file input.cif (mmCIF, C-alpha atoms and all ligand atoms)
data_protein
#
loop_
_atom_site.group_PDB
_atom_site.id
_atom_site.type_symbol
_atom_site.label_atom_id
_atom_site.label_comp_id
_atom_site.auth_asym_id
_atom_site.auth_seq_id
_atom_site.Cartn_x
_atom_site.Cartn_y
_atom_site.Cartn_z
ATOM 1 C CA MET A 827 70.657 120.311 95.603
ATOM 2 C CA PRO A 828 72.638 123.206 94.233
ATOM 3 C CA TYR A 829 70.906 126.554 94.171
ATOM 4 C CA CYS A 830 71.612 130.224 93.728
ATOM 5 C CA ALA A 831 71.590 132.147 96.999
ATOM 6 C CA ASN A 832 70.643 135.324 95.188
ATOM 7 C CA CYS A 833 67.622 134.372 93.081
ATOM 8 C CA GLY A 834 66.854 130.810 94.185
ATOM 9 C CA ASN A 835 67.366 129.268 90.774
ATOM 10 C CA HIS A 836 68.182 125.570 91.091
ATOM 11 C CA GLN A 837 67.438 124.268 87.627
ATOM 12 C CA SER A 838 70.454 125.369 85.697
ATOM 13 C CA LEU A 839 73.941 126.505 86.556
ATOM 14 C CA ALA A 840 76.786 127.770 84.430
ATOM 15 C CA SER A 841 80.525 127.404 84.578
ATOM 16 C CA SER A 842 82.752 130.455 84.544
ATOM 17 C CA LYS A 843 85.781 128.187 84.241
ATOM 18 C CA ILE A 844 85.083 127.402 80.626
ATOM 19 C CA PRO A 845 85.072 130.330 78.222
ATOM 20 C CA PRO A 846 82.364 130.489 75.570
ATOM 21 C CA SER A 847 83.217 130.038 71.953
ATOM 22 C CA SER A 848 84.175 133.391 70.556
ATOM 23 C CA ASP A 849 83.085 132.863 66.972
ATOM 24 C CA THR A 850 79.498 133.946 67.541
ATOM 25 C CA ALA A 851 78.711 137.497 68.526
ATOM 26 C CA ALA A 852 75.611 136.319 70.329
ATOM 27 C CA ALA A 853 77.472 133.715 72.358
ATOM 28 C CA PRO A 854 76.381 133.432 75.967
ATOM 29 C CA PRO A 855 78.922 134.505 78.594
ATOM 30 C CA TYR A 856 79.552 130.956 79.766
ATOM 31 C CA GLY A 857 81.033 127.991 77.955
ATOM 32 C CA LEU A 858 79.086 125.327 79.759
ATOM 33 C CA PHE A 859 75.614 125.014 81.243
ATOM 34 C CA GLY A 860 74.259 122.240 83.404
ATOM 35 C CA ASN A 861 70.615 121.343 83.954
ATOM 36 C CA PHE A 862 69.735 119.781 87.281
ATOM 37 C CA SER A 863 66.890 117.576 88.431
ATOM 38 C CA PRO A 864 64.815 118.537 91.515
ATOM 39 C CA GLU A 865 67.002 116.100 93.452
ATOM 40 C CA GLY A 866 70.110 118.006 92.470
ATOM 41 C CA GLN A 867 71.397 115.488 89.960
ATOM 42 C CA LEU A 868 73.144 116.853 86.916
ATOM 43 C CA ILE A 869 70.969 115.631 84.048
ATOM 44 C CA THR A 870 72.084 117.369 80.924
ATOM 45 C CA MET A 871 74.780 119.767 79.867
ATOM 46 C CA GLU A 872 74.901 122.320 77.093
ATOM 47 C CA CYS A 873 78.330 122.965 75.690
ATOM 48 C CA GLN A 874 78.725 126.445 74.236
ATOM 49 C CA GLY A 875 82.482 126.342 74.034
ATOM 50 C CA ALA A 876 83.421 123.421 76.217
ATOM 51 C CA SER A 877 85.157 120.433 74.713
ATOM 52 C CA LEU A 878 84.024 116.900 75.442
ATOM 53 C CA ASP A 879 86.920 116.583 77.879
ATOM 54 C CA ASP A 880 85.774 119.720 79.688
ATOM 55 C CA ALA A 881 82.243 118.389 79.837
ATOM 56 C CA GLN A 882 83.404 115.047 81.170
ATOM 57 C CA GLU A 883 85.386 116.688 83.949
ATOM 58 C CA ALA A 884 82.479 118.935 84.817
ATOM 59 C CA PHE A 885 80.167 115.946 84.953
ATOM 60 C CA GLU A 886 82.501 114.160 87.361
ATOM 61 C CA ASP A 887 83.078 117.203 89.538
ATOM 62 C CA PRO A 888 80.096 119.553 89.108
ATOM 63 C CA LYS A 889 80.683 121.378 92.388
ATOM 64 C CA THR A 890 83.965 122.660 91.094
ATOM 65 C CA TYR A 891 82.791 123.577 87.628
ATOM 66 C CA PHE A 892 79.293 124.956 88.003
ATOM 67 C CA ASP A 893 79.921 128.125 89.938
ATOM 68 C CA ARG A 894 77.601 130.719 88.389
ATOM 69 C CA CYS A 895 73.905 131.341 88.150
ATOM 70 C CA PRO A 896 73.091 131.950 84.475
ATOM 71 C CA ILE A 897 69.906 133.809 85.374
ATOM 72 C CA CYS A 898 71.180 136.534 87.683
ATOM 73 C CA GLY A 899 74.941 136.116 87.271
ATOM 74 C CA SER A 900 75.599 135.502 90.959
ATOM 75 C CA SER A 901 78.533 133.351 92.027
ATOM 76 C CA GLU A 902 76.886 132.483 95.333
ATOM 77 C CA ILE A 903 75.960 128.917 94.587
ATOM 78 C CA TYR A 904 75.197 126.672 97.524
ATOM 79 C CA TRP A 905 75.537 122.908 97.275
HETATM 80 ZN ZN ZN B 1 70.662 133.482 90.543
#
call {"tool": "encode", "arguments": {"input": "input.cif", "output": "structure tokens"}}
result
Amino acid sequence: MPYCANCGNHQSLASSKIPPSSDTAAAPPYGLFGNFSPEGQLITMECQGASLDDAQEAFEDPKTYFDRCPICGSSEIYW
């Protein structure tokens, strides 16, 4: 399963490849979040700026898209 080498988080990952929507001042720094099961399966995604096409591509290739830990900000994600 994917996990963050820095803080050990393995429940949710973010994508730095997709910029967040800029219309809200309180927007999170990532455009797409993924929630993972304990087995490492991508279960749900939260789009904060990602289009449906972006989300579809991320779903098909999560290793490429989910490259940041949203909790500590580390990019050391191990798969
Ligand atoms: Zn982390």
call {"tool": "residues_near_ligand", "arguments": {"input": "input.cif", "ligand": "ligand ZN 1 (chain B)", "cutoff": "7 Å", "atoms": "all atoms listed in the file", "output": "short mmCIF file (atom, residue, chain, number, x, y, z; two decimals) with C-alpha atoms, keeping the file's coordinate frame"}}
result
data_model
loop_
_atom_site.label_atom_id
_atom_site.label_comp_id
_atom_site.auth_asym_id
_atom_site.auth_seq_id
_atom_site.Cartn_x
_atom_site.Cartn_y
_atom_site.Cartn_z
CA CYS A 830 71.61 130.22 93.73
CA ALA A 831 71.59 132.15 97.00
CA ASN A 832 70.64 135.32 95.19
CA CYS A 833 67.62 134.37 93.08
CA GLY A 834 66.85 130.81 94.18
CA ASN A 835 67.37 129.27 90.77
CA CYS A 895 73.90 131.34 88.15
CA PRO A 896 73.09 131.95 84.48
CA ILE A 897 69.91 133.81 85.37
CA CYS A 898 71.18 136.53 87.68
CA GLY A 899 74.94 136.12 87.27
CA SER A 900 75.60 135.50 90.96
#
call {"tool": "resolve_selection", "arguments": {"input": "input.cif", "expression": "the PyMOL selection byres (((chain A and resi 885) around 12) and not hetatm)", "output": "PDB file with C-alpha atoms, keeping the file's coordinate frame"}}
result
ATOM      1  CA  SER A 841      80.525 127.404  84.578  1.00  0.00           C
ATOM      2  CA  LEU A 858      79.086 125.327  79.759  1.00  0.00           C
ATOM      3  CA  PHE A 859      75.614 125.014  81.243  1.00  0.00           C
ATOM      4  CA  GLY A 860      74.259 122.240  83.404  1.00  0.00           C
ATOM      5  CA  ASN A 861      70.615 121.343  83.954  1.00  0.00           C
ATOM      6  CA  PHE A 862      69.735 119.781  87.281  1.00  0.00           C
ATOM      7  CA  GLN A 867      71.397 115.488  89.960  1.00  0.00           C
ATOM      8  CA  LEU A 868      73.144 116.853  86.916  1.00  0.00           C
ATOM      9  CA  ILE A 869      70.969 115.631  84.048  1.00  0.00           C
ATOM     10  CA  THR A 870      72.084 117.369  80.924  1.00  0.00           C
ATOM     11  CA  MET A 871      74.780 119.767  79.867  1.00  0.00           C
ATOM     12  CA  GLU A 872      74.901 122.320  77.093  1.00  0.00           C
ATOM     13  CA  CYS A 873      78.330 122.965  75.690  1.00  0.00           C
ATOM     14  CA  ALA A 876      83.421 123.421  76.217  1.00  0.00           C
ATOM     15  CA  LEU A 878      84.024 116.900  75.442  1.00  0.00           C
ATOM     16  CA  ASP A 879      86.920 116.583  77.879  1.00  0.00           C
ATOM     17  CA  ASP A 880      85.774 119.720  79.688  1.00  0.00           C
ATOM     18  CA  ALA A 881      82.243 118.389  79.837  1.00  0.00           C
ATOM     19  CA  GLN A 882      83.404 115.047  81.170  1.00  0.00           C
ATOM     20  CA  GLU A 883      85.386 116.688  83.949  1.00  0.00           C
ATOM     21  CA  ALA A 884      82.479 118.935  84.817  1.00  0.00           C
ATOM     22  CA  GLU A 886      82.501 114.160  87.361  1.00  0.00           C
ATOM     23  CA  ASP A 887      83.078 117.203  89.538  1.00  0.00           C
ATOM     24  CA  PRO A 888      80.096 119.553  89.108  1.00  0.00           C
ATOM     25  CA  LYS A 889      80.683 121.378  92.388  1.00  0.00           C
ATOM     26  CA  THR A 890      83.965 122.660  91.094  1.00  0.00           C
ATOM     27  CA  TYR A 891      82.791 123.577  87.628  1.00  0.00           C
ATOM     28  CA  PHE A 892      79.293 124.956  88.003  1.00  0.00           C
TER      29      PHE A 892
END
call {"tool": "residues_around", "arguments": {"input": "input.cif", "residues": "Gly875 of chain A", "least_positions_apart": "6", "cutoff": "8 Å", "atoms": "all atoms listed in the file", "output": "list in words"}}
result
Ile844, Pro845, Pro846, Ser847, Tyr856, Gly857 and Leu858 of chain A
call {"tool": "closest_residue", "arguments": {"input": "input.cif", "among": "A:Glu865, A:Glu902, A:Asp893, A:Gln874", "to": "Gln837 of chain A", "atoms": "all atoms listed in the file"}}
result
A:Glu865
call {"tool": "atom_distance", "arguments": {"input": "input.cif", "atom1": "atom CA of Gly866 of chain A", "atom2": "atom CA of Ser842 of chain A"}}
result
19.4 Å
